[in-house]
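File shown here: upload28.csv, holding CSV, N, CA and C atoms.
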chain,number,residue,atom,x,y,z
A,1,MET,N,-66.3,-1.8,73.6
A,1,MET,CA,-66.2,-3.2,73.6
A,1,MET,C,-65.7,-3.7,72.2
A,2,ILE,N,-66.3,-3.1,71.1
A,2,ILE,CA,-65.9,-3.5,69.8
A,2,ILE,C,-64.4,-3.1,69.5
A,3,LYS,N,-64.0,-2.0,70.1
A,3,LYS,CA,-62.6,-1.6,69.9
A,3,LYS,C,-61.6,-2.6,70.6
A,4,ARG,N,-62.0,-3.1,71.7
A,4,ARG,CA,-61.1,-4.1,72.4
A,4,ARG,C,-61.1,-5.4,71.7
A,5,VAL,N,-62.2,-5.8,71.2
A,5,VAL,CA,-62.3,-7.1,70.4
A,5,VAL,C,-61.5,-6.9,69.1
A,6,SER,N,-61.6,-5.8,68.5
A,6,SER,CA,-60.8,-5.5,67.2
A,6,SER,C,-59.3,-5.5,67.5
A,7,ILE,N,-58.9,-4.9,68.6
A,7,ILE,CA,-57.4,-4.9,68.9
A,7,ILE,C,-57.0,-6.3,69.2
A,8,LEU,N,-57.7,-7.1,70.0
A,8,LEU,CA,-57.4,-8.5,70.2
A,8,LEU,C,-57.3,-9.3,69.0
A,9,PHE,N,-58.3,-9.1,68.1
A,9,PHE,CA,-58.3,-9.8,66.8
A,9,PHE,C,-57.1,-9.5,66.0
A,10,ILE,N,-56.7,-8.2,65.9
A,10,ILE,CA,-55.5,-7.8,65.1
A,10,ILE,C,-54.2,-8.4,65.8
A,11,PHE,N,-54.1,-8.4,67.1
A,11,PHE,CA,-53.0,-8.9,67.8
A,11,PHE,C,-52.8,-10.4,67.6
A,12,VAL,N,-53.9,-11.1,67.6
A,12,VAL,CA,-53.8,-12.6,67.3
A,12,VAL,C,-53.3,-12.8,65.9
A,13,PHE,N,-53.8,-12.1,64.9
A,13,PHE,CA,-53.3,-12.4,63.6
A,13,PHE,C,-51.9,-11.9,63.3
A,14,LEU,N,-51.4,-10.9,64.0
A,14,LEU,CA,-50.1,-10.4,63.9
A,14,LEU,C,-49.1,-11.3,64.6
A,15,SER,N,-49.5,-12.0,65.6
A,15,SER,CA,-48.6,-12.8,66.4
A,15,SER,C,-48.5,-14.2,66.0
A,16,THR,N,-49.3,-14.6,65.0
A,16,THR,CA,-49.2,-16.0,64.5
A,16,THR,C,-48.5,-16.0,63.1
A,17,TYR,N,-47.8,-17.1,62.9
A,17,TYR,CA,-47.1,-17.3,61.7
A,17,TYR,C,-47.5,-18.6,61.0
A,18,ALA,N,-47.6,-18.7,59.7
A,18,ALA,CA,-48.0,-19.9,59.1
A,18,ALA,C,-46.8,-20.6,58.5
A,19,GLN,N,-46.4,-21.7,59.1
A,19,GLN,CA,-45.4,-22.6,58.6
A,19,GLN,C,-44.0,-22.0,58.5
A,20,GLU,N,-43.7,-21.0,59.3
A,20,GLU,CA,-42.4,-20.4,59.3
A,20,GLU,C,-41.5,-21.1,60.4
A,21,LYS,N,-42.1,-21.5,61.5
A,21,LYS,CA,-41.3,-22.1,62.6
A,21,LYS,C,-41.6,-23.6,62.6
A,22,ASP,N,-40.6,-24.4,63.0
A,22,ASP,CA,-40.7,-25.8,63.1
A,22,ASP,C,-41.0,-26.1,64.6
A,23,ASP,N,-42.2,-25.6,65.0
A,23,ASP,CA,-42.6,-25.7,66.4
A,23,ASP,C,-43.2,-27.1,66.7
A,24,LYS,N,-42.8,-27.8,67.6
A,24,LYS,CA,-43.3,-29.1,67.9
A,24,LYS,C,-44.5,-29.1,68.9
A,25,ASN,N,-44.7,-28.0,69.6
A,25,ASN,CA,-45.7,-27.9,70.6
A,25,ASN,C,-46.9,-27.1,70.1
A,26,THR,N,-48.1,-27.6,70.5
A,26,THR,CA,-49.3,-26.8,70.1
A,26,THR,C,-50.2,-26.8,71.3
A,27,ILE,N,-50.9,-25.7,71.4
A,27,ILE,CA,-51.9,-25.4,72.5
A,27,ILE,C,-53.2,-25.1,71.8
A,28,GLU,N,-54.3,-25.8,72.2
A,28,GLU,CA,-55.6,-25.6,71.7
A,28,GLU,C,-56.6,-25.4,72.8
A,29,ILE,N,-57.6,-24.5,72.5
A,29,ILE,CA,-58.7,-24.3,73.4
A,29,ILE,C,-60.0,-24.3,72.5
A,30,ASN,N,-60.8,-25.3,72.8
A,30,ASN,CA,-62.1,-25.4,72.0
A,30,ASN,C,-63.3,-25.4,72.9
A,31,TYR,N,-64.3,-24.7,72.4
A,31,TYR,CA,-65.6,-24.7,73.0
A,31,TYR,C,-66.5,-25.6,72.3
A,32,PHE,N,-67.3,-26.4,73.0
A,32,PHE,CA,-68.2,-27.3,72.3
A,32,PHE,C,-69.6,-27.2,72.9
A,33,TYR,N,-70.6,-27.4,72.1
A,33,TYR,CA,-72.0,-27.3,72.4
A,33,TYR,C,-72.7,-28.4,71.6
A,34,GLY,N,-73.6,-29.1,72.1
A,34,GLY,CA,-74.3,-30.2,71.3
A,34,GLY,C,-75.6,-30.7,71.9
A,35,ASN,N,-76.0,-31.8,71.4
A,35,ASN,CA,-77.2,-32.5,71.7
A,35,ASN,C,-76.9,-33.9,72.2
A,36,VAL,N,-77.7,-34.4,73.1
A,36,VAL,CA,-77.7,-35.8,73.5
A,36,VAL,C,-78.8,-36.5,72.9
A,37,LEU,N,-78.5,-37.5,72.1
A,37,LEU,CA,-79.6,-38.3,71.5
A,37,LEU,C,-80.2,-39.3,72.5
A,38,GLU,N,-81.5,-39.4,72.5
A,38,GLU,CA,-82.1,-40.3,73.4
A,38,GLU,C,-82.1,-41.7,72.7
A,39,HIS,N,-81.2,-42.5,73.1
A,39,HIS,CA,-81.1,-43.8,72.5
A,39,HIS,C,-81.7,-44.9,73.3
A,40,SER,N,-82.1,-44.6,74.5
A,40,SER,CA,-82.8,-45.5,75.4
A,40,SER,C,-83.8,-44.8,76.2
A,41,PRO,N,-85.0,-45.4,76.5
A,41,PRO,CA,-86.0,-44.7,77.2
A,41,PRO,C,-85.6,-44.3,78.6
A,42,GLU,N,-84.7,-45.1,79.2
A,42,GLU,CA,-84.3,-44.8,80.6
A,42,GLU,C,-83.5,-43.5,80.7
A,43,LEU,N,-83.0,-43.0,79.6
A,43,LEU,CA,-82.2,-41.8,79.6
A,43,LEU,C,-83.0,-40.5,79.6
A,44,LYS,N,-84.3,-40.6,79.3
A,44,LYS,CA,-85.1,-39.4,79.2
A,44,LYS,C,-85.1,-38.5,80.5
A,45,PRO,N,-85.1,-39.0,81.7
A,45,PRO,CA,-85.0,-38.1,82.9
A,45,PRO,C,-83.7,-37.5,83.0
A,46,ILE,N,-82.6,-38.1,82.5
A,46,ILE,CA,-81.3,-37.6,82.6
A,46,ILE,C,-81.0,-36.4,81.7
A,47,ILE,N,-81.6,-36.5,80.5
A,47,ILE,CA,-81.3,-35.5,79.5
A,47,ILE,C,-82.1,-34.2,79.8
A,48,GLN,N,-81.5,-33.2,80.3
A,48,GLN,CA,-82.2,-32.0,80.7
A,48,GLN,C,-81.9,-30.8,79.7
A,49,ALA,N,-80.7,-30.7,79.2
A,49,ALA,CA,-80.4,-29.6,78.4
A,49,ALA,C,-79.3,-29.9,77.4
A,50,HIS,N,-78.8,-29.0,76.6
A,50,HIS,CA,-77.7,-29.2,75.7
A,50,HIS,C,-76.4,-29.1,76.4
A,51,PRO,N,-75.6,-30.1,76.3
A,51,PRO,CA,-74.3,-30.1,77.0
A,51,PRO,C,-73.3,-29.1,76.3
A,52,SER,N,-72.5,-28.4,77.1
A,52,SER,CA,-71.5,-27.5,76.5
A,52,SER,C,-70.3,-27.6,77.4
A,53,GLY,N,-69.2,-27.1,76.9
A,53,GLY,CA,-68.0,-27.2,77.7
A,53,GLY,C,-66.8,-26.6,77.0
A,54,ILE,N,-65.6,-26.8,77.6
A,54,ILE,CA,-64.3,-26.3,77.1
A,54,ILE,C,-63.4,-27.5,77.1
A,55,LEU,N,-62.6,-27.6,76.0
A,55,LEU,CA,-61.6,-28.6,75.9
A,55,LEU,C,-60.3,-27.9,75.7
A,56,MET,N,-59.3,-28.1,76.6
A,56,MET,CA,-58.0,-27.4,76.5
A,56,MET,C,-57.0,-28.6,76.4
A,57,SER,N,-56.1,-28.4,75.4
A,57,SER,CA,-55.1,-29.5,75.2
A,57,SER,C,-53.7,-28.9,74.8
A,58,TRP,N,-52.7,-29.6,75.2
A,58,TRP,CA,-51.3,-29.3,74.8
A,58,TRP,C,-50.8,-30.6,74.2
A,59,ASN,N,-50.2,-30.5,73.0
A,59,ASN,CA,-49.7,-31.6,72.2
A,59,ASN,C,-48.3,-31.3,71.8
A,60,LYS,N,-47.5,-32.4,71.7
A,60,LYS,CA,-46.1,-32.3,71.2
A,60,LYS,C,-46.0,-33.3,70.0
A,61,LYS,N,-45.6,-32.8,68.9
A,61,LYS,CA,-45.5,-33.6,67.7
A,61,LYS,C,-44.2,-34.4,67.7
A,62,LYS,N,-44.2,-35.7,67.4
A,62,LYS,CA,-43.1,-36.6,67.4
A,62,LYS,C,-42.5,-36.5,66.0
A,63,LEU,N,-41.3,-35.9,65.8
A,63,LEU,CA,-40.7,-35.7,64.5
A,63,LEU,C,-39.4,-36.4,64.3
A,64,GLU,N,-39.1,-37.4,65.2
A,64,GLU,CA,-37.9,-38.2,65.0
A,64,GLU,C,-38.1,-39.0,63.8
A,65,ASP,N,-37.0,-39.3,63.0
A,65,ASP,CA,-37.1,-40.0,61.8
A,65,ASP,C,-36.8,-41.5,62.1
A,66,ASN,N,-37.8,-42.2,62.6
A,66,ASN,CA,-37.7,-43.7,62.8
A,66,ASN,C,-38.9,-44.4,62.2
A,67,GLN,N,-38.8,-45.7,62.3
A,67,GLN,CA,-39.9,-46.6,61.6
A,67,GLN,C,-41.2,-46.4,62.3
A,68,PHE,N,-41.3,-46.3,63.6
A,68,PHE,CA,-42.6,-46.1,64.4
A,68,PHE,C,-43.3,-44.9,63.9
A,69,ASN,N,-42.6,-43.7,63.8
A,69,ASN,CA,-43.2,-42.5,63.4
A,69,ASN,C,-43.7,-42.5,62.0
A,70,HIS,N,-42.9,-43.2,61.1
A,70,HIS,CA,-43.3,-43.3,59.7
A,70,HIS,C,-44.6,-44.2,59.6
A,71,THR,N,-44.6,-45.2,60.4
A,71,THR,CA,-45.7,-46.2,60.3
A,71,THR,C,-47.0,-45.5,60.8
A,72,TYR,N,-46.9,-44.7,61.9
A,72,TYR,CA,-48.1,-44.1,62.5
A,72,TYR,C,-48.3,-42.6,62.1
A,73,ASN,N,-47.6,-42.2,61.1
A,73,ASN,CA,-47.8,-40.8,60.5
A,73,ASN,C,-47.5,-39.7,61.5
A,74,PHE,N,-46.3,-39.9,62.2
A,74,PHE,CA,-45.8,-38.9,63.1
A,74,PHE,C,-46.9,-38.5,64.2
A,75,PRO,N,-47.2,-39.3,65.1
A,75,PRO,CA,-48.3,-39.1,66.1
A,75,PRO,C,-47.9,-37.9,67.1
A,76,ASP,N,-49.0,-37.4,67.7
A,76,ASP,CA,-48.9,-36.4,68.7
A,76,ASP,C,-49.0,-37.1,70.1
A,77,ALA,N,-48.4,-36.6,71.1
A,77,ALA,CA,-48.5,-37.0,72.5
A,77,ALA,C,-48.8,-35.7,73.3
A,78,GLY,N,-49.7,-35.8,74.2
A,78,GLY,CA,-50.0,-34.6,75.0
A,78,GLY,C,-51.0,-34.8,76.1
A,79,PHE,N,-51.5,-33.7,76.6
A,79,PHE,CA,-52.4,-33.7,77.7
A,79,PHE,C,-53.7,-32.9,77.4
A,80,SER,N,-54.8,-33.4,77.8
A,80,SER,CA,-56.1,-32.7,77.5
A,80,SER,C,-56.9,-32.6,78.8
A,81,ALA,N,-57.6,-31.5,79.0
A,81,ALA,CA,-58.5,-31.3,80.1
A,81,ALA,C,-59.9,-30.8,79.6
A,82,THR,N,-60.9,-31.4,80.0
A,82,THR,CA,-62.3,-31.1,79.6
A,82,THR,C,-63.1,-30.6,80.8
A,83,TYR,N,-63.8,-29.5,80.6
A,83,TYR,CA,-64.8,-29.1,81.7
A,83,TYR,C,-66.1,-29.0,81.0
So, in terms of structure tokens, how does the structure I just supplied come out?
Amino acid sequence: MIKRVSILFIFVFLSTYAQEKDDKNTIEINYFYGNVLEHSPELKPIIQAHPSGILMSWNKKKLEDNQFNHTYNFPDAGFSATY
């Protein structure tokens, strides 16, 4: 198991480049885990456990040189899915 994880870890680092390509597309996968704060007594029966999930997103950076992109600091547009 450790050997497989090590090989995967090395592959990920060898296949990524820092600031060499001008790639406009990004793909992210994030795992989240947290707490729900009881801000109302009516929520006590609903709060059973710590929520967790996965956030997957694809974004495209807007790099055209126009006034809108300069004003809003070159925004991203994309798609996200949460489970």
Exercise for the section: List the neighbours of Thr82 in chain A out to 6 Å using all atoms listed in the file; skip same-chain residues closer than 5 positions along the sequence, and give me the result as a PyMOL selection string. Expected result: chain A and resi 54-56
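Residues of chain A that DSSP places in helix (DSSP H, G or I), based on the backbone of this structure, are Ile2, Lys3, Arg4, Val5, Ser6, Ile7, Leu8, Phe9, Ile10, Phe11, Val12, Phe13, Leu14, Ser15, Pro41, Glu42, Leu43, Gln67, Phe68, Asn69, His70 and Thr71 of chain A.
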Exercise for the section: Could you pull out the residues in chain A that DSSP calls strand (DSSP E or B) from the backbone, as a PyMOL selection string? Expected result: chain A and resi 25-33+52-61+76-82
Practice task
Tell me, in Å to one decimal, how far atom N of Ala49 in chain A is from CA of Val36 in chain A.
Solution key: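 So the two atoms, atom N of Ala49 in chain A and CA of Val36 in chain A, lie 8.2 Å apart.
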Find the spatial neighbours of Ala77 in chain A, counting only C-alpha atoms, within a cut-off of 8 Å - ignore same-chain residues fewer than 5 positions away - and output them as a CSV table (one decimal) with N, CA and C atoms, in the frame of the given file.
chain,number,residue,atom,x,y,z
A,59,ASN,N,-50.2,-30.5,73.0
A,59,ASN,CA,-49.7,-31.6,72.2
A,59,ASN,C,-48.3,-31.3,71.8
A,60,LYS,N,-47.5,-32.4,71.7
A,60,LYS,CA,-46.1,-32.3,71.2
A,60,LYS,C,-46.0,-33.3,70.0
A,61,LYS,N,-45.6,-32.8,68.9
A,61,LYS,CA,-45.5,-33.6,67.7
A,61,LYS,C,-44.2,-34.4,67.7
A,62,LYS,N,-44.2,-35.7,67.4
A,62,LYS,CA,-43.1,-36.6,67.4
A,62,LYS,C,-42.5,-36.5,66.0
Practice task
Measure the distance from CA of Tyr31 in chain A to atom C of His50 in chain A in Å and round it to one decimal.
Solution key: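 Atom C of His50 in chain A lies 12.1 Å from CA of Tyr31 in chain A.
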Exercise for the section: For Glu38 in chain A, work out the shell of residues within 8 Å, counting all atoms listed in the file and skipping chain neighbours fewer than 5 positions away, then give it as number ranges by chain. Expected result: A: 43-44, 47
Handout entry: Straight-line distance linking CA of Asn66 in chain A with CA of Phe79 in chain A, stated in Å to one decimal
Key = 23.2 Å
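Comparing A:Thr26, A:Phe32, A:Asn69, A:Phe9 by their smallest distance to Gly53 in chain A, the closest is A:Phe32 (using only N, CA and C atoms).
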